[in-house]
Amino acid sequence: MATRFLLAFAICRLIVTVGLTLDPTELLRLEVEGVLSVEPADLGAASRDFGGMQNAEPLAVLHPGSAEDVARLIKAAYESGQGFTVSARGHGHSIKGQATTANGVVVQMSGSTKVAPPRVSEKFMYVDVWGGELWVDVLSSTLKYGLAPKSWTDYLYLSVGGTLSNAGISGQAFNHGPQISNIYELDVVTGKGELLTCTPKQNSELYHAVLGGLGQFGIITRARIALEKAPHRVRWIRVLYSNFSAFTQDQEYLISLHGQPATKKFDYVEGFVIVDEGLINNWRSSFFSPGNPVKISSLNADGGVLYCLEITKNYQESNSNAIDEEVGALLKKLNFIPSSEFTTDLPYVDFLDRVHKAELKLRSKNLWDVPHPWLNLFVPKSRIGDFDKGVFKGILGNKTSGPILIYPMNKKKWVAKSSTVTPDEDIFYLVAFLRSALDNGDETRTLNHLTNQNNRILRFCSDAGIKAKQYLPHYTTQQQWMDHFGDKWTLFSKRKLEFDPKNILATGQRIFTPFFNPSAPLL
């Protein structure tokens with residue numbers, strides 16, 4: 001009763017202050033197994049995200065107890081006379097408020113204690129998980145059976161539904177494809193409130209729409225994820241390059257081995273760009289002796305920039321005697337700086353969870369909850385050299401304010417019918433500027449400076465005719481979204497009309513305007 005009173009009070013306050021047209025009884029009548037909350041702490045958490053640059057407070061937050069709760073909420077929104085929006089939120093790792101909604105309801109998918117736990121099938125090598133389950137918890141559940149998902153993101157504290165709504169990529173993508181290429185089955189609640197099971201053959205249009213669909217067609221409440229035998233340990237190797245062409249040629253050679261037996265390829269291929277003199281010494285424990293600081297200039301860096309190749313090889317403890325020979329044979333074919341090789345062995349879980357350890361260090365220094373003006377681009381292979389000259393050796397100068405990832409992927413490993421957009425070449429690169437804005441007196445680390453630099457990078461690509469595509473995209477007009485999707489726009493908008501005809505879902509993406517709010521400006 002108290003919750004209903006608070007909800008009614010909150011809605012009435014919004015009607016008075018912002019002119020909300022929602023009939024309060026539409027939410028008050030909603031019966032759920034979980035909790036429909038208007039607690040200030042819940043509203044505040046749902047109004048923010050990891051990016052720290054947007055803020056939109058919802059009307060209420062649903063902590064669902066089941067997929068049926070999600071269906072009831074969306075059905076109420078769809079059948080509402082006035083209407084309200086619904087956005088799914090996992091761990092809140094979006095950058096520009098994509099998972100927020102003003103004057104609507106946020107479905108807090110992660111953190112629910114009432115939903116079913118992961119269920120592993122050893123026989124058929126899959127795991128069924130709740131859409132809000134974090135990947136780190138998926139891993140914990142599958143390792144009990146000696147199994148693990150095939151494809152990962154670098155950071156495990158993301159929700160399954162969140163990464164599948166984008167793609168889910170890391171250094172394994174060249175071999176297994178992104179996470180969306182490793183999904184057998186989904187349960188999805190559409191924008192009409194229908195709870196449907198979909199596979200590549202059953203409700204296939206919805207299946208392909210939702211994968212990489214930016215939350216536009218439904219909320220993923222269950223995913224069936226492909227598994228493989230989990231390795232025990234990882235050989236983790238980092239090597240440096242001073243020549244960009246040698247660096248990219250080696251990366252492209254390594255991902256070309258994806259069809260080879262496991263003994264003749266690496267399992268993970270990523271890379272970093274190092275343009276900051278301080279950064280290499282911060283990482284020197286990974287490459288050099290702490291008592292012997294190294295300057296970029298001492299390694300004859302091309303244009304003052306170094307490139308780090310990061311590769312791993314998984315192995316079982318029973319096969320540890322063969323790992324040296326397998327790794328050595330692969331390294332002999334690469335053209336890195338010989339003195340820069342660093343190798344370590346560690347448990348498989350520790351490697352997968354490596355970013356979380358960095359997070360804990362940043363949190364201890366109050367450097368985690370800061371703005372993150374990240375920019376992620378897919379750059380076609382044919383233009384990556386031009387990108388290097390114009391951005392790494394040009395726009396960036398000698399300050400980065402965070403990691404810059406660069407690694408190639410094989411387009412054939414991606415689901416062509418999904419909603420994701422990639423460059424129209426067989427090989428393309430992820431270039432990810434994962435930077436943090438700091439107010440520490442250094443102008444080059446401010447949010448304004450980094451945002452302007454991102455815009456310069458995008459303008460450079462446009463002016464140079466580099467047909468890059470944003471990953472985790474953010475645009476502010478529908479025309480920009482149409483340009484982003486290109487030939488896929490017609491299918492994307494057709495799917496939207498079929499599965500979310502009132503444009504209720506994921507309005508924080510700013511792709512479509514809800515039909516029930518005619519006073520809102522068209523994007």
# chains A, B, ... in the order shown; residues from 1 in each chain; ligands from 1
call {"tool": "residues_around", "arguments": {"residues": "Asp250 in chain A", "least_positions_apart": "6", "cutoff": "9 Å", "atoms": "only C-alpha atoms", "output": "count of residues only"}}
result
5
call {"tool": "select_by_dssp", "arguments": {"residues": "range 199-247 of chain A", "states": "helix (DSSP H, G or I)", "output": "list in words"}}
result
Ser204, Glu205, Leu206, Tyr207, His208, Ala209, Val210, Phe244, Ser245, Ala246 and Phe247 of chain A
call {"tool": "write_last_selection", "arguments": {"atoms": "N, CA and C atoms", "output": "PDB file, in the first residue's frame"}}
result
ATOM      1  N   SER A 204      12.248 -15.850 -36.546  1.00  0.00           N
ATOM      2  CA  SER A 204      13.620 -15.492 -36.935  1.00  0.00           C
ATOM      3  C   SER A 204      13.793 -13.995 -37.168  1.00  0.00           C
ATOM      4  N   GLU A 205      12.748 -13.332 -37.632  1.00  0.00           N
ATOM      5  CA  GLU A 205      12.876 -11.896 -37.878  1.00  0.00           C
ATOM      6  C   GLU A 205      13.127 -11.146 -36.573  1.00  0.00           C
ATOM      7  N   LEU A 206      12.440 -11.544 -35.510  1.00  0.00           N
ATOM      8  CA  LEU A 206      12.648 -10.923 -34.201  1.00  0.00           C
ATOM      9  C   LEU A 206      14.023 -11.285 -33.662  1.00  0.00           C
ATOM     10  N   TYR A 207      14.417 -12.544 -33.820  1.00  0.00           N
ATOM     11  CA  TYR A 207      15.733 -12.996 -33.368  1.00  0.00           C
ATOM     12  C   TYR A 207      16.841 -12.131 -33.963  1.00  0.00           C
ATOM     13  N   HIS A 208      16.818 -11.952 -35.267  1.00  0.00           N
ATOM     14  CA  HIS A 208      17.863 -11.175 -35.922  1.00  0.00           C
ATOM     15  C   HIS A 208      17.734  -9.677 -35.637  1.00  0.00           C
ATOM     16  N   ALA A 209      16.515  -9.206 -35.452  1.00  0.00           N
ATOM     17  CA  ALA A 209      16.313  -7.789 -35.150  1.00  0.00           C
ATOM     18  C   ALA A 209      16.904  -7.422 -33.795  1.00  0.00           C
ATOM     19  N   VAL A 210      16.663  -8.262 -32.791  1.00  0.00           N
ATOM     20  CA  VAL A 210      17.076  -7.963 -31.424  1.00  0.00           C
ATOM     21  C   VAL A 210      18.589  -7.994 -31.272  1.00  0.00           C
ATOM     22  N   PHE A 244      53.694   0.923 -37.771  1.00  0.00           N
ATOM     23  CA  PHE A 244      52.267   0.608 -37.806  1.00  0.00           C
ATOM     24  C   PHE A 244      51.944  -0.466 -38.836  1.00  0.00           C
ATOM     25  N   SER A 245      52.583  -0.414 -39.979  1.00  0.00           N
ATOM     26  CA  SER A 245      52.311  -1.416 -41.018  1.00  0.00           C
ATOM     27  C   SER A 245      52.670  -2.817 -40.544  1.00  0.00           C
ATOM     28  N   ALA A 246      53.825  -2.956 -39.872  1.00  0.00           N
ATOM     29  CA  ALA A 246      54.214  -4.262 -39.344  1.00  0.00           C
ATOM     30  C   ALA A 246      53.216  -4.739 -38.299  1.00  0.00           C
ATOM     31  N   PHE A 247      52.751  -3.815 -37.468  1.00  0.00           N
ATOM     32  CA  PHE A 247      51.778  -4.116 -36.416  1.00  0.00           C
ATOM     33  C   PHE A 247      50.473  -4.644 -37.015  1.00  0.00           C
TER      34      PHE A 247
END
call {"tool": "closest_residue", "arguments": {"among": "A:Lys467, A:Lys313, A:Arg354, A:Lys265", "to": "Ile237 in chain A", "atoms": "only C-alpha atoms"}}
result
A:Lys313
call {"tool": "residues_around", "arguments": {"residues": "Tyr475 in chain A", "least_positions_apart": "2", "cutoff": "8 Å", "atoms": "only C-alpha atoms", "output": "short mmCIF file (atom, residue, chain, number, x, y, z; two decimals) with C-alpha atoms, in the first residue's frame"}}
result
data_model
loop_
_atom_site.label_atom_id
_atom_site.label_comp_id
_atom_site.auth_asym_id
_atom_site.auth_seq_id
_atom_site.Cartn_x
_atom_site.Cartn_y
_atom_site.Cartn_z
CA PRO A 473 26.58 4.54 -31.52
CA THR A 477 18.90 13.18 -35.39
CA GLN A 478 17.10 10.50 -37.33
CA GLN A 480 22.23 10.66 -38.75
CA TRP A 481 20.80 7.29 -37.78
CA GLN A 509 18.86 5.94 -28.09
CA ARG A 510 16.99 8.85 -29.78
CA ILE A 511 16.28 6.92 -32.97
#
call {"tool": "residues_around", "arguments": {"residues": "Ala432 in chain A", "least_positions_apart": "3", "cutoff": "6 Å", "atoms": "only C-alpha atoms", "output": "VMD selection string"}}
result
chain A and resid 375 to 376 404 to 405
call {"tool": "write_last_selection", "arguments": {"atoms": "C-alpha atoms", "output": "short mmCIF file (atom, residue, chain, number, x, y, z; two decimals), in the first residue's frame"}}
result
data_model
loop_
_atom_site.label_atom_id
_atom_site.label_comp_id
_atom_site.auth_asym_id
_atom_site.auth_seq_id
_atom_site.Cartn_x
_atom_site.Cartn_y
_atom_site.Cartn_z
CA LEU A 375 34.29 6.77 -28.79
CA ASN A 376 34.23 3.36 -30.50
CA ILE A 404 43.12 3.20 -27.00
CA LEU A 405 42.34 -0.26 -28.32
#
call {"tool": "residues_around", "arguments": {"residues": "Asn55 in chain A", "least_positions_apart": "4", "cutoff": "8 Å", "atoms": "only C-alpha atoms", "output": "short mmCIF file (atom, residue, chain, number, x, y, z; two decimals) with C-alpha atoms, in the first residue's frame"}}
result
data_model
loop_
_atom_site.label_atom_id
_atom_site.label_comp_id
_atom_site.auth_asym_id
_atom_site.auth_seq_id
_atom_site.Cartn_x
_atom_site.Cartn_y
_atom_site.Cartn_z
CA SER A 47 18.85 8.29 -14.19
CA ARG A 48 22.64 7.92 -14.56
CA ASP A 49 25.03 5.70 -16.46
CA GLY A 97 22.03 7.88 -21.57
CA THR A 100 17.52 6.04 -19.53
#
call {"tool": "residues_around", "arguments": {"residues": "Val349 in chain A", "least_positions_apart": "5", "cutoff": "9 Å", "atoms": "only C-alpha atoms", "output": "list in words"}}
result
Leu139, His232, Arg233, Val234 and Arg354 of chain A
call {"tool": "residues_around", "arguments": {"residues": "Glu443 in chain A", "least_positions_apart": "5", "cutoff": "12 Å", "atoms": "only C-alpha atoms", "output": "list in words"}}
result
Lys399, Ser401, Ala437, Leu438, Asn448, His449, Leu450 and Asn452 of chain A
